[in-house]
Amino acid sequence: MIKPKAIVFSGYGLNCEEETKYAFELAGSQADIVHINDLIAGYYNIDNYQILAIPGGFAYGDDTGSGNAYALKMKNHLWEKILNFIKKDVLIIGICNGFQVLVNLGLLPALNKAYGKREVALDHNSLPRYNVRWVDLEMKNNSPWLRGIKNISLPIAHGEGKFTTSVKTLKKLKERKLICAQFVKGDIYQYQHLPANPNGAMENIAGITDETKRILGIMPHPERAIFFHQQPNFPYLKERYLRGSQSIPRFGPGLKIFQNSVNYFNSL
Amino acid sequence: MIHRIEVVDKKNVKKIFVYTIDKNLNSKQLKKIAEALTNPIIQFFSINKAWSPKKFAYAIEVGFLPGVTDNIASTTKEIIEDLLKIKFSQNEGVYTSQIIFFQKKISQGLINPLIQRAHFKSRHQFNKDKGMDKITPKVSLKIRPKTDLVNLNVPDEELIKIGKWGIKNSDGSRRGPLALDLIYMKTIQKYFQKLRRNPTDIELESIAQTWSEHCKHTIFNDPIDDIKDGLFKTYIKRATEKIIKEKKEKFCFSVFHDNSGAIEFDKDYLITHKIETHNSPSALDPYGGAITGIVGVNRDTIGFGLGAKPVVNCYGFCLASPKIKTNLYRDSSLTQKMLSPKRIMEGVIAGVNSGGNCSGIPTPQGFLYFDDKYQGKPLVFVGTVGLIPKKIGTRSSYLKKAQPGDFIVMVGGRVGLDGIHGATFSSEALDSGSPATAVQIGDPITQKKFSDAIVKEARDMNLYHSITDNGAGGLSCSVAEMARESGGCEIYLEKVPLKYPGLAPWQIWVSESQERMTLAVPKNNWKKFSSLMNQRGVEATIIGKFNDSGKCLVKYHQQTVVDIDMKFLHDGLPTRPMKTKKIQTEQRKTPQEKNLSDLNICGFEFISQQYDHEIQGSSVIKPLQGRGRVNGETTVIKPVLNSNKGIVLSQGLYPDLTEVDPYYIAGCSIDTAIRNVVAAGGTIEKIALLDNFCWCSSNEPERLYQLKEAAKACYDYAVAYDTPYISGKDSMFNDFKGYDEKGNPVKISVPPTLLISSIGIIDDILKTVSIDVKFPGDLVYLLGGTDNNWQEINPLKNKKNYQLFHQLVENGLIASSISVTRGGLAVALEKMAISGMLGVEVDLKNLDLFLEVQGRILLTINPRNKNKLEEIIKNSSYLLIGKVTDKDKIIIKKNRETIVNLSLERALKSYQSTFNNY
């Protein structure tokens with residue numbers, strides 16, 4: 001089995017790099033946390049990696065719009081390298097703040113491969129406040145990241161996640177099947193009865209891919225759902241398993257996304 | 001040339017964001033900047049041309065006052081420099097503001113005048129002027145940056161004035177409180193008489209910081225009645241020492257002397273904990289006070305040992321009811337209005353939100369407590385738990401020592417006028433003389449950058465000998481404190497990076513500008529250290545050298561401005577013996593019935609949902625539990641990704657009854673803090689405590705009596721339960737002296753408040769228990785407190801029950817459990833039921849529904865486990881009181897008579913209703 005190598009970005013207030021790295025490793029990948037300045041300085045080379053992850057966080061404190069300042073930093077210093085990187089058969093994921101970076105950078109949705117053009121926004125939540133809770137998602141796209149996943153529950157934590165775009169762009173996203181994750185009523189809704197759509201996103205959109213389906217951006221955090229006990233209803237589920245004489249599972253739903261990325265390089 | 005770029009939200013054109021850039025830029029450059037600052041999907045921009053909506057009558061522009069931290073402006077400056085490859089000079093800058101357009105003229109309440117400025121224009125004026133005025137809130141200091149001598153050969157009356165109001169400026173005004181009373185002033189006078197000279201202003205300020213109540217905790221350390229060693233040594237420290245001595249295994253690794261306390265987590269790691277308060281600043285600017293509080297206590301973690309990684313934040317807000325409408329004023333002419341309780345509440349909540357979330361630290365654990373006596377001064381508790389490997393290379397991580405010859409290095413933010421006199425200010429009551437410069441706004445990202453660079457990199461590369469944070473007293477305290485390790489220091493103040501020019505030496509020395517650490521870096525490591533910091537976008541500067549001269553020597557451009565013996569600075573303060581006076585305690589009143597909608601019972605989901613508790617992937621028992629999303633009093637986290645060990649966090653406090661019986665109340669707080677951990681699955685064998693005393697008027701013998709009684713109980717109960725204190729903090733003057741709406745003088749003191757926080761270590765997080773009932777048919781038991789004795793606590797009996805309860809947990813017998821606290825059995829049962837959204841039907845026999853009896857845990861089990869359970873607890877006091885049902889009813893009976901008959905739906909609605917609109 002090949003162990004693909006994942007590079008997980010850090011610096012300037014990104015803050016989910018450790019658990020994201022751990023999720024990749026648990027899934028069978030090798031992973032390095034690399035500070036953006038070390039990449040700019042040339043201490044690391046992205047061409048040595050097959051997977052690139054921009055994790056969640058608060059880069060630059062969300063000043064001038066979430067993800068904007070970090071995207072500008074990448075554009076000013078790493079743009080050519082990144083354009084070269086995405087031409088190859090690689091996988092890219094942006095989670096939460098990482099998703100915000102990818103849309104500001106114009107790597108998503110990059111319609112007609114117009115990389116660098118901002119076409120969608122992740123705006124302030126309808127209730128303009130940071131919101132932390134679990135949501136249910138329906139996955140609708142054949143991205144390698146999402147293989148075998150139809151319904152999944154994951155946590156969100158963001159103040160700016162309201163997916164917003166023009167009618168024209170939305171139409172294209174639909175036609176080209178780039179909408180990959182939508183908020184729906186599922187298991188967590190049945191448990192906690194919070195509104196399915198936590199932020200007012202257009203068409204309940206929680207994540208999209210580019211046209212190659214290899215670049216994924218999602219607001220929810222799969223790396224915070226890699227263990228069974230991370231689920232909000234785990235005490236109840238645990239008791240149910242015990243009474244049914246079933247063993248208690250170790251892993252949670254989010255791990256599959258990371259495993260998919262590892263399997264992608266093994267199934268080629 | 002001043003340029004203005006306005007960014008307008010397409011969907012909300014009534015509120016626009018303005019970047020004012022004070023720098024020569026051409027139109028091409030400006031366009032590039034504007035494009036970088038605007039998201040074209042949802043915004044558009046206007047450069048140097050005032051934009052306004054079609055309909056409006058008034059425009060108001062709100063920005064910061066000069067010198068107030070403007071984080072967005074700093075980021076924007078960085079963006080512009082990186083984008084255009086240009087540099088800003090010290091005279092150039094970026095400032096942000098917002099313009100809001102209104103139909104009606106609004107009068108007040110929009111801004112906080114201590115930190116913000118507002119400019120109004122009518123539509124007519126706006127159009128005539130072609131927009132708002134171009135304002136750059138630059139700091140311009142008129143004072144000369146020099147050092148003055150302070151004549152101490154003056155009558156006692158003048159000494160008193162200097163101590164209370166500060167050093168006199170040449171224009172007769174005073175520089176702000178030193179909080180040095182006459183005994184202290186006389187001691188200082190004598191010291192300098194012996195040196196045959198007067199002190200410089202910076203020397204006097206320096207001593208004032210180091211000797212402040214805030215830093216030296218004299219009320220806890222000085223003799224009181226016949227207790228020669230003071231309350232801290234006699235009751236708090238001695239309890240810990242006794243417990244450490246008697247514990248078989250080593251559990252405590254660092255107590256009291258470092259920035260946090262530390263206990264063992266497992267064979268590889270230690271866990272640190274510290275709870276701070278930030279009350280006075282939060283009264284003036286709740287947002288700034290709370291954010292600097294939480295980000296400040298994070299530094300107590302980063303500054304523990306060689307640097308621990310913050311892994312959990314805690315919060316607690318003691319507030320007046322947000323419904324209060326009466327106003328308070330700081331001055332008799334009624335011009336300085338205090339913020340309303342609602343505004344304070346919203347501000348402190350938002351401050352911790354911003355500080356915790358931006359720093360990437362989960363903030364699951366917290367409480368709200370309401371009493372209208374907190375109207376003058378809210379209590380804002382903030383805490384941080386840290387994780388640190390026991391060994392860094394071959395060194396023990398919890399030990400540190402600056403060596404002679406090490407560079408004194410300041411890391412992080414720059415120094416400005418913000419937070420001058422914070423330490424001395426918080427050692428006094430809040431009144432009209434309270435300095436506005438005590439207000440600060442946090443910059444969590446600057447801190448996050450150095451936190452990562454230090455704790456995740458420099459520490460493990462072994463690049464420094466010692467580290468501490470810059471909190472109260474700024475450099476004057478942090479450097480002097482570390483200089484004790486080496487035996488002296490020499491500082492070159494002109495090397496300290498400043499936010500703007502013009503600061504006097506004493507201001508640089510005592511400024512509490514946020515987000516800074518002080519480190520001792522050996523000369524050989526400097527190059528490596530400095531290039532690492534540079535590479536992480538962190539400013540690090542050598543500002544002096546540690547030595548073993550026995551002196552604290554400060555120079556400013558070669559001139560010596562401080563030359564004091566280390567010994568005098570740290571140990572020169574005289575003791576001030578105190579006397580207490582017993583007060584007749586009122587008869588304790590039987591507690592009233594409490595509803596789920598009561599402010600001190602109800603849910604505060606709106607806070608739990610805005611504080612990230614999932615970050616770091618560590619959450620186990622979350623702040624909201626079960627289907628009904630009920631706020632538990634305890635949370636559990638798993639701080640190491642590849643280990644199943646966990647940390648259990650909770651607290652106990654009962655300020656409502658301190659006036660009546662401080663000894664009993666301290667016992668209740670301790671019992672509750674411990675019981676809450678146990679009920680979630682923790683073991684009493686591995687619990688440590690933290691004490692936070694927030695008292696009032698601590699110069700009054702009656703208040704000191706209450707303090708002494710509470711401290712005594714702290715000893716007795718901690719020893720009885722075998723739970724050591726590892727860290728603590730006190731804040732002794734939580735009083736407000738001001739005026740009511742009619743101009744009558746009022747003094748509002750907080751109820752003496754003792755917060756006991758608990759931290760437990762558990763082996764397997766999968767064995768933790770949540771409060772939600774889980775299956776119909778499950779049996780409901782009460783363990784402990786099976787009588788109505790609410791006047792006393794029996795720690796020995798309770799401890800036994802807690803141990804038995806843990807056996808039940810270890811055997812996996814418990815489906816749900818809750819510690820019975822505020823509101824008694826009725827509230828606890830109701831919370832369990834709505835959390836699981838299943839009915840319960842119980843008969844409490846002779847037990848009172850509402851009495852708050854300590855030592856009680858309610859639990860439910862699978863009926864199949866009945867015999868196993870009863871076998872384990874057969875020798876303890878317990879009652880089988882009923883069962884979980886699949887009906888929509890909470891039915892509580894007393895000797896077969898139904899007292900409570902409540903539908904789940906109604907109970908849940910009541911629980912959630914109080915803060916519905918927040």
# chains A, B, ... in the order shown; residues from 1 in each chain; ligands from 1
call {"tool": "residues_around", "arguments": {"residues": "Ala27 of chain A", "least_positions_apart": "2", "cutoff": "6 Å", "atoms": "only C-alpha atoms", "output": "PyMOL selection string"}}
result
chain A and resi 24-25+29+258-259
call {"tool": "interface_residues", "arguments": {"of": "chain B", "to": "chain A", "cutoff": "6 Å", "atoms": "only C-alpha atoms", "output": "ChimeraX atom specification"}}
result
/B:37,72,358,360,445,449,609-610,612,616-617,620,627
call {"tool": "write_last_selection", "arguments": {"atoms": "C-alpha atoms", "output": "PDB file, in the first residue's frame"}}
result
ATOM      1  CA  LEU B  37      -9.975  44.398   0.390  1.00  0.00           C
ATOM      2  CA  ILE B  72      -8.079  45.028  11.034  1.00  0.00           C
ATOM      3  CA  CYS B 358      -9.499  33.284  17.359  1.00  0.00           C
ATOM      4  CA  GLY B 360      -7.975  28.074  18.435  1.00  0.00           C
ATOM      5  CA  ILE B 445      -3.684  36.573  16.343  1.00  0.00           C
ATOM      6  CA  LYS B 449       1.612  33.489  16.201  1.00  0.00           C
ATOM      7  CA  GLN B 609     -23.089  27.568  20.584  1.00  0.00           C
ATOM      8  CA  GLN B 610     -20.841  30.567  19.922  1.00  0.00           C
ATOM      9  CA  ASP B 612     -15.947  26.734  19.801  1.00  0.00           C
ATOM     10  CA  GLN B 616      -8.512  20.563  18.623  1.00  0.00           C
ATOM     11  CA  GLY B 617     -10.836  17.563  18.195  1.00  0.00           C
ATOM     12  CA  VAL B 620     -16.040  14.361  24.870  1.00  0.00           C
ATOM     13  CA  ARG B 627     -31.637  15.805  22.952  1.00  0.00           C
TER      14      ARG B 627
END
call {"tool": "residues_around", "arguments": {"residues": "Ala402 of chain B", "least_positions_apart": "4", "cutoff": "6 Å", "atoms": "only C-alpha atoms", "output": "PyMOL selection string"}}
result
chain B and resi 465-466+485-486+520
call {"tool": "write_last_selection", "arguments": {"atoms": "C-alpha atoms", "output": "PDB file, in the first residue's frame"}}
result
ATOM      1  CA  HIS B 465      16.132  29.039  29.794  1.00  0.00           C
ATOM      2  CA  SER B 466      13.057  30.700  31.153  1.00  0.00           C
ATOM      3  CA  GLU B 485      16.023  33.438  39.105  1.00  0.00           C
ATOM      4  CA  SER B 486      19.383  34.826  37.979  1.00  0.00           C
ATOM      5  CA  ALA B 520      15.716  34.411  28.940  1.00  0.00           C
TER       6      ALA B 520
END
call {"tool": "residues_around", "arguments": {"residues": "Ala206 of chain A", "least_positions_apart": "4", "cutoff": "12 Å", "atoms": "only C-alpha atoms", "output": "VMD selection string"}}
result
chain A and resid 95 to 96 99 to 100 121 to 122 135 to 140 153 to 156 158 160 to 164 178 to 184 196 to 202 216 to 221
call {"tool": "select_by_dssp", "arguments": {"residues": "segment 23-203 of chain A", "states": "helix (DSSP H, G or I)", "output": "PyMOL selection string"}}
result
chain A and resi 23-26+36-40+46-48+59-62+68-87+97-105+111-113+144-146+167-175+187-192+202-203
call {"tool": "select_by_dssp", "arguments": {"residues": "segment 727-872 of chain B", "states": "strand (DSSP E or B)", "output": "PDB file with C-alpha atoms, in the first residue's frame"}}
result
ATOM      1  CA  SER B 727      -3.311  27.614  41.844  1.00  0.00           C
ATOM      2  CA  GLY B 728      -5.456  30.500  42.900  1.00  0.00           C
ATOM      3  CA  LYS B 729      -6.060  34.174  42.609  1.00  0.00           C
ATOM      4  CA  ASP B 730      -7.745  36.867  44.593  1.00  0.00           C
ATOM      5  CA  SER B 731      -9.292  40.192  43.794  1.00  0.00           C
ATOM      6  CA  ASP B 735     -16.696  47.678  44.996  1.00  0.00           C
ATOM      7  CA  PHE B 736     -18.250  50.423  42.995  1.00  0.00           C
ATOM      8  CA  LYS B 737     -18.313  53.927  44.428  1.00  0.00           C
ATOM      9  CA  GLY B 738     -20.400  56.297  42.378  1.00  0.00           C
ATOM     10  CA  TYR B 739     -23.757  57.945  42.073  1.00  0.00           C
ATOM     11  CA  PRO B 745     -23.572  58.703  46.347  1.00  0.00           C
ATOM     12  CA  VAL B 746     -23.875  54.931  46.261  1.00  0.00           C
ATOM     13  CA  LYS B 747     -21.547  52.103  47.059  1.00  0.00           C
ATOM     14  CA  ILE B 748     -22.306  48.738  45.564  1.00  0.00           C
ATOM     15  CA  SER B 749     -20.182  45.834  46.688  1.00  0.00           C
ATOM     16  CA  THR B 753     -17.627  35.406  45.931  1.00  0.00           C
ATOM     17  CA  LEU B 754     -15.530  32.284  46.260  1.00  0.00           C
ATOM     18  CA  LEU B 755     -15.184  30.300  43.070  1.00  0.00           C
ATOM     19  CA  ILE B 756     -13.773  26.808  43.483  1.00  0.00           C
ATOM     20  CA  SER B 757     -12.776  25.235  40.180  1.00  0.00           C
ATOM     21  CA  SER B 758     -12.036  21.562  39.871  1.00  0.00           C
ATOM     22  CA  ILE B 759      -9.965  19.569  37.427  1.00  0.00           C
ATOM     23  CA  GLY B 760      -9.933  15.789  37.372  1.00  0.00           C
ATOM     24  CA  ILE B 761      -7.972  13.246  35.380  1.00  0.00           C
ATOM     25  CA  ILE B 762      -9.672  10.086  34.106  1.00  0.00           C
ATOM     26  CA  LEU B 779     -34.408   3.134  37.433  1.00  0.00           C
ATOM     27  CA  VAL B 780     -33.714   6.459  39.127  1.00  0.00           C
ATOM     28  CA  TYR B 781     -31.605   6.481  42.286  1.00  0.00           C
ATOM     29  CA  LEU B 782     -30.449   9.134  44.689  1.00  0.00           C
ATOM     30  CA  LEU B 783     -27.018   8.497  46.150  1.00  0.00           C
ATOM     31  CA  ILE B 814     -24.557   4.118  35.043  1.00  0.00           C
ATOM     32  CA  ALA B 815     -26.685   5.291  32.133  1.00  0.00           C
ATOM     33  CA  SER B 816     -26.931   8.906  33.242  1.00  0.00           C
ATOM     34  CA  SER B 817     -26.139  10.970  36.301  1.00  0.00           C
ATOM     35  CA  ILE B 818     -26.294  14.525  37.549  1.00  0.00           C
ATOM     36  CA  SER B 819     -24.843  16.276  40.535  1.00  0.00           C
ATOM     37  CA  GLY B 839     -40.461  11.402  31.223  1.00  0.00           C
ATOM     38  CA  VAL B 840     -39.569  10.576  34.795  1.00  0.00           C
ATOM     39  CA  GLU B 841     -41.816   9.522  37.613  1.00  0.00           C
ATOM     40  CA  VAL B 842     -40.332   9.592  41.085  1.00  0.00           C
ATOM     41  CA  ASP B 843     -41.420   9.697  44.700  1.00  0.00           C
ATOM     42  CA  ILE B 857     -25.944  12.543  42.958  1.00  0.00           C
ATOM     43  CA  LEU B 858     -28.952  11.405  40.946  1.00  0.00           C
ATOM     44  CA  LEU B 859     -28.398   8.513  38.586  1.00  0.00           C
ATOM     45  CA  THR B 860     -30.268   6.184  36.278  1.00  0.00           C
ATOM     46  CA  ILE B 861     -29.468   2.589  35.403  1.00  0.00           C
TER      47      ILE B 861
END
call {"tool": "residues_around", "arguments": {"residues": "segment 5-14 of chain B", "least_positions_apart": "4", "cutoff": "6 Å", "atoms": "only C-alpha atoms", "output": "list in words"}}
result
Val18, Tyr19, Ile42, Gln43, Phe44, Phe45, Ser46, Ile47, Ile100 and Phe101 of chain B
call {"tool": "atom_distance", "arguments": {"atom1": "atom CA of Arg330 of chain B", "atom2": "atom CA of Leu284 of chain B"}}
result
10.4 Å
call {"tool": "residues_around", "arguments": {"residues": "segment 646-657 of chain B", "least_positions_apart": "5", "cutoff": "9 Å", "atoms": "only C-alpha atoms", "output": "PDB file with C-alpha atoms, in the first residue's frame"}}
result
ATOM      1  CA  PHE B 265      -1.790  13.687  33.280  1.00  0.00           C
ATOM      2  CA  ILE B 271      -1.748  19.299  32.832  1.00  0.00           C
ATOM      3  CA  CYS B 314     -12.999  28.209  30.990  1.00  0.00           C
ATOM      4  CA  GLN B 365     -16.531  25.002  30.354  1.00  0.00           C
ATOM      5  CA  GLY B 366     -18.371  27.892  31.921  1.00  0.00           C
ATOM      6  CA  PHE B 367     -21.173  29.298  33.995  1.00  0.00           C
ATOM      7  CA  TYR B 369     -24.332  33.655  37.825  1.00  0.00           C
ATOM      8  CA  ASP B 371     -27.082  38.872  41.394  1.00  0.00           C
ATOM      9  CA  ARG B 588     -30.308  31.069  57.193  1.00  0.00           C
ATOM     10  CA  VAL B 620     -16.040  14.361  24.870  1.00  0.00           C
ATOM     11  CA  ILE B 621     -18.818  15.588  27.167  1.00  0.00           C
ATOM     12  CA  GLU B 633     -22.004  21.905  34.855  1.00  0.00           C
ATOM     13  CA  THR B 634     -19.150  19.657  33.839  1.00  0.00           C
ATOM     14  CA  THR B 635     -17.337  19.036  30.588  1.00  0.00           C
ATOM     15  CA  VAL B 636     -14.827  16.385  29.592  1.00  0.00           C
ATOM     16  CA  ILE B 637     -12.078  16.726  27.037  1.00  0.00           C
ATOM     17  CA  LYS B 638      -9.426  14.434  25.631  1.00  0.00           C
ATOM     18  CA  PRO B 639      -6.339  16.606  25.145  1.00  0.00           C
ATOM     19  CA  VAL B 640      -3.967  14.093  23.539  1.00  0.00           C
ATOM     20  CA  PRO B 662     -18.935  32.033  54.679  1.00  0.00           C
ATOM     21  CA  TYR B 664     -20.463  26.725  55.147  1.00  0.00           C
ATOM     22  CA  ILE B 665     -20.584  28.300  51.709  1.00  0.00           C
ATOM     23  CA  ALA B 666     -16.918  27.595  51.045  1.00  0.00           C
ATOM     24  CA  CYS B 668     -20.585  23.893  49.599  1.00  0.00           C
ATOM     25  CA  SER B 669     -18.464  25.284  46.768  1.00  0.00           C
ATOM     26  CA  ILE B 670     -15.755  22.694  47.314  1.00  0.00           C
ATOM     27  CA  ASP B 671     -18.194  19.808  47.671  1.00  0.00           C
ATOM     28  CA  THR B 672     -20.030  20.900  44.525  1.00  0.00           C
ATOM     29  CA  ALA B 673     -16.871  21.362  42.461  1.00  0.00           C
ATOM     30  CA  ILE B 674     -15.729  17.857  43.415  1.00  0.00           C
ATOM     31  CA  ASN B 676     -19.659  17.641  39.653  1.00  0.00           C
ATOM     32  CA  VAL B 677     -16.460  15.962  38.468  1.00  0.00           C
ATOM     33  CA  VAL B 678     -17.398  12.682  40.140  1.00  0.00           C
ATOM     34  CA  ALA B 680     -19.445  12.909  35.145  1.00  0.00           C
ATOM     35  CA  GLY B 681     -17.222   9.905  35.775  1.00  0.00           C
ATOM     36  CA  GLY B 682     -14.155  11.414  37.454  1.00  0.00           C
ATOM     37  CA  ILE B 687      -8.933  15.939  41.467  1.00  0.00           C
ATOM     38  CA  LEU B 689      -8.801  22.514  43.006  1.00  0.00           C
ATOM     39  CA  PRO B 751     -21.423  39.591  47.279  1.00  0.00           C
ATOM     40  CA  PRO B 752     -18.187  38.047  48.574  1.00  0.00           C
ATOM     41  CA  THR B 753     -17.627  35.406  45.931  1.00  0.00           C
ATOM     42  CA  LEU B 754     -15.530  32.284  46.260  1.00  0.00           C
ATOM     43  CA  LEU B 755     -15.184  30.300  43.070  1.00  0.00           C
ATOM     44  CA  ILE B 756     -13.773  26.808  43.483  1.00  0.00           C
ATOM     45  CA  SER B 757     -12.776  25.235  40.180  1.00  0.00           C
ATOM     46  CA  SER B 758     -12.036  21.562  39.871  1.00  0.00           C
ATOM     47  CA  ILE B 759      -9.965  19.569  37.427  1.00  0.00           C
ATOM     48  CA  GLY B 760      -9.933  15.789  37.372  1.00  0.00           C
ATOM     49  CA  ILE B 761      -7.972  13.246  35.380  1.00  0.00           C
ATOM     50  CA  ILE B 762      -9.672  10.086  34.106  1.00  0.00           C
ATOM     51  CA  ASP B 763      -8.222   6.989  32.473  1.00  0.00           C
ATOM     52  CA  ASP B 764     -10.858   6.264  29.867  1.00  0.00           C
ATOM     53  CA  ILE B 765     -13.084   8.927  28.396  1.00  0.00           C
ATOM     54  CA  THR B 821     -26.800  21.625  42.866  1.00  0.00           C
ATOM     55  CA  ARG B 822     -28.698  24.895  42.546  1.00  0.00           C
TER      56      ARG B 822
END
call {"tool": "residues_around", "arguments": {"residues": "Pro364 of chain B", "least_positions_apart": "6", "cutoff": "8 Å", "atoms": "only C-alpha atoms", "output": "list in words"}}
result
Val312, Asn313, Cys314, Ser608, Tyr611, Asp612, His613, Lys622, Pro623 and Thr635 of chain B
call {"tool": "write_last_selection", "arguments": {"atoms": "C-alpha atoms", "output": "compact mmCIF listing (two decimals), in the first residue's frame"}}
result
# COMPACT_ATOMS: atom_id res chain seq x y z
CA VAL B 312 -9.09 24.33 27.16
CA ASN B 313 -10.54 27.68 28.14
CA CYS B 314 -13.00 28.21 30.99
CA SER B 608 -22.25 27.41 24.28
CA TYR B 611 -17.79 29.32 21.86
CA ASP B 612 -15.95 26.73 19.80
CA HIS B 613 -15.80 23.56 21.88
CA LYS B 622 -19.84 18.79 25.46
CA PRO B 623 -21.34 21.89 27.09
CA THR B 635 -17.34 19.04 30.59
call {"tool": "closest_residue", "arguments": {"among": "A:Asn204, A:Gln50, A:Gln246, A:Asn125", "to": "Asp89 of chain A", "atoms": "only C-alpha atoms"}}
result
A:Gln50
